[in-house]
Every structure is written in C-alpha cells, then in structure tokens.
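Right, one structure below, let's go through it.
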Amino acid sequence: MKNAANVYVVDLTKIDGDGDFLCPRCGALISPEDETEATYVIQEVKMRKSDRLEELVIKCRKCESVIHITGFSGV
C-alpha cells in the first residue's frame, strides 16, 4: 500500500537540463542515463494512442517514493 504523501509528479517541461532531476522527497539523482535500476525502478509506462510516451511511473529505491514523470512531448 502506498502512502499518498510519497507520490509526486515531475513535469520535464518545467525542469532545466537533459532529463536528470532530484527525487522530490530524498534528493537522490534520477537520471534517464541510469540503466542499472540502482536508483529507481520503472513501475508503469503509459503511452498515447499515437505510440508516444505520455507518462512514466517510477519508484525511488532510496525512499520508495512514487514519481509520475510527465512532459515528454515537450522534450
């Protein structure tokens, strides 16, 4: 059961850089370049009908927060 207080939304169109961001709860670096799943694990991939990525749901391995990543169309 997940605690609603540990659920966050990160909009990539509102952050600087190339997709890296800090976990909103614990500050762990979340990077799209990390393919090891050492920092986070992908829980769900949501696609649009046009086969475009709409949202990615990940879980921070450090603090177990659930992060909904949006804003892929603007990246």
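Following the order of the structure tokens, first chain is A, next is B, and so on, with residues numbered from 1 inside each chain and ligands from 1 in the order they appear.
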Open item on the list: Taking 5 positions as the minimum chain separation for residues in the same chain, which residues sit within 10 Å of Glu64 (chain A) when counting only C-alpha atoms? Answer as a PyMOL selection string.
Closed with: chain A and resi 2-3+6-7+25-26+40-41+58-59
Write a file of the selected residues as a short mmCIF file (atom, residue, chain, number, x, y, z; two decimals), in the first residue's frame, keeping N, CA and C atoms.
```
data_model
loop_
_atom_site.label_atom_id
_atom_site.label_comp_id
_atom_site.auth_asym_id
_atom_site.auth_seq_id
_atom_site.Cartn_x
_atom_site.Cartn_y
_atom_site.Cartn_z
N LYS A 2 0.64 2.16 -0.92
CA LYS A 2 1.48 3.35 -0.97
C LYS A 2 0.82 4.51 -0.24
N ASN A 3 1.66 5.29 0.40
CA ASN A 3 1.21 6.47 1.13
C ASN A 3 1.10 7.63 0.14
N ASN A 6 3.80 10.24 -0.35
CA ASN A 6 5.04 9.88 -1.03
C ASN A 6 4.85 9.73 -2.53
N VAL A 7 3.83 10.39 -3.08
CA VAL A 7 3.58 10.36 -4.52
C VAL A 7 3.81 11.77 -5.07
N ARG A 25 11.51 13.86 -2.69
CA ARG A 25 11.50 13.57 -1.25
C ARG A 25 12.89 13.47 -0.65
N CYS A 26 13.77 12.67 -1.26
CA CYS A 26 15.07 12.40 -0.63
C CYS A 26 16.26 13.03 -1.33
N TYR A 40 16.36 3.90 -9.19
CA TYR A 40 14.90 3.85 -9.34
C TYR A 40 14.51 2.62 -10.16
N VAL A 41 13.25 2.27 -10.07
CA VAL A 41 12.71 1.16 -10.85
C VAL A 41 11.46 1.66 -11.57
N ILE A 58 7.77 5.82 -11.84
CA ILE A 58 8.95 5.16 -11.28
C ILE A 58 8.86 5.16 -9.76
N LYS A 59 9.68 4.32 -9.14
CA LYS A 59 9.76 4.27 -7.69
C LYS A 59 11.22 4.48 -7.29
#
```
- [ ] Please report, as a PyMOL selection string, each residue of chain A to which DSSP assigns helix (DSSP H, G or I) when run on this structure's backbone.
- [x] chain A and resi 4-6+12-14+72-74
- [ ] Could you please write out, as a VMD selection string, every residue of region 5-75 of chain A that DSSP assigns to strand (DSSP E)?
- [x] chain A and resid 7 to 11 21 to 22 29 to 30 40 to 47 53 to 60 66 to 70
- [ ] Pick out the closest residue to Phe72 (chain A) from this set: A:Ser31, A:Thr36, A:Thr13, A:Gln43. Count only C-alpha atoms.
- [x]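 Using only C-alpha atoms, the shortest distance to Phe72 (chain A) belongs to A:Thr13.
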- [ ] Just the residues within 10 Å of Cys23 (chain A), please, counting only C-alpha atoms, with nothing from its chain fewer than 3 positions along; format it as a ChimeraX atom specification.
- [x] /A:8,10,20,26-30,39-40,59-60,62-63,65-67
- [ ] Rank A:His68, A:Pro24, A:Pro32, A:Ile15 by their smallest atom-to-atom distance to Val45 (chain A), using only C-alpha atoms, and report the top residue only.
- [x]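 Nearest to Val45 (chain A): A:His68.
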TODO: Do a neighbour search on Thr70 (chain A) at 9 Å with only C-alpha atoms, toss out local chain neighbours closer than 3 positions, and write the hits as a list in words.
DONE: Val9, Val10, Asp11, Leu12, Thr13, Leu53, Glu54, Glu55, Leu56, Val57 and Ser73 of chain A
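Here CA of Glu44 (chain A) is placed at a distance of 15.5 Å from CA of Gly71 (chain A).
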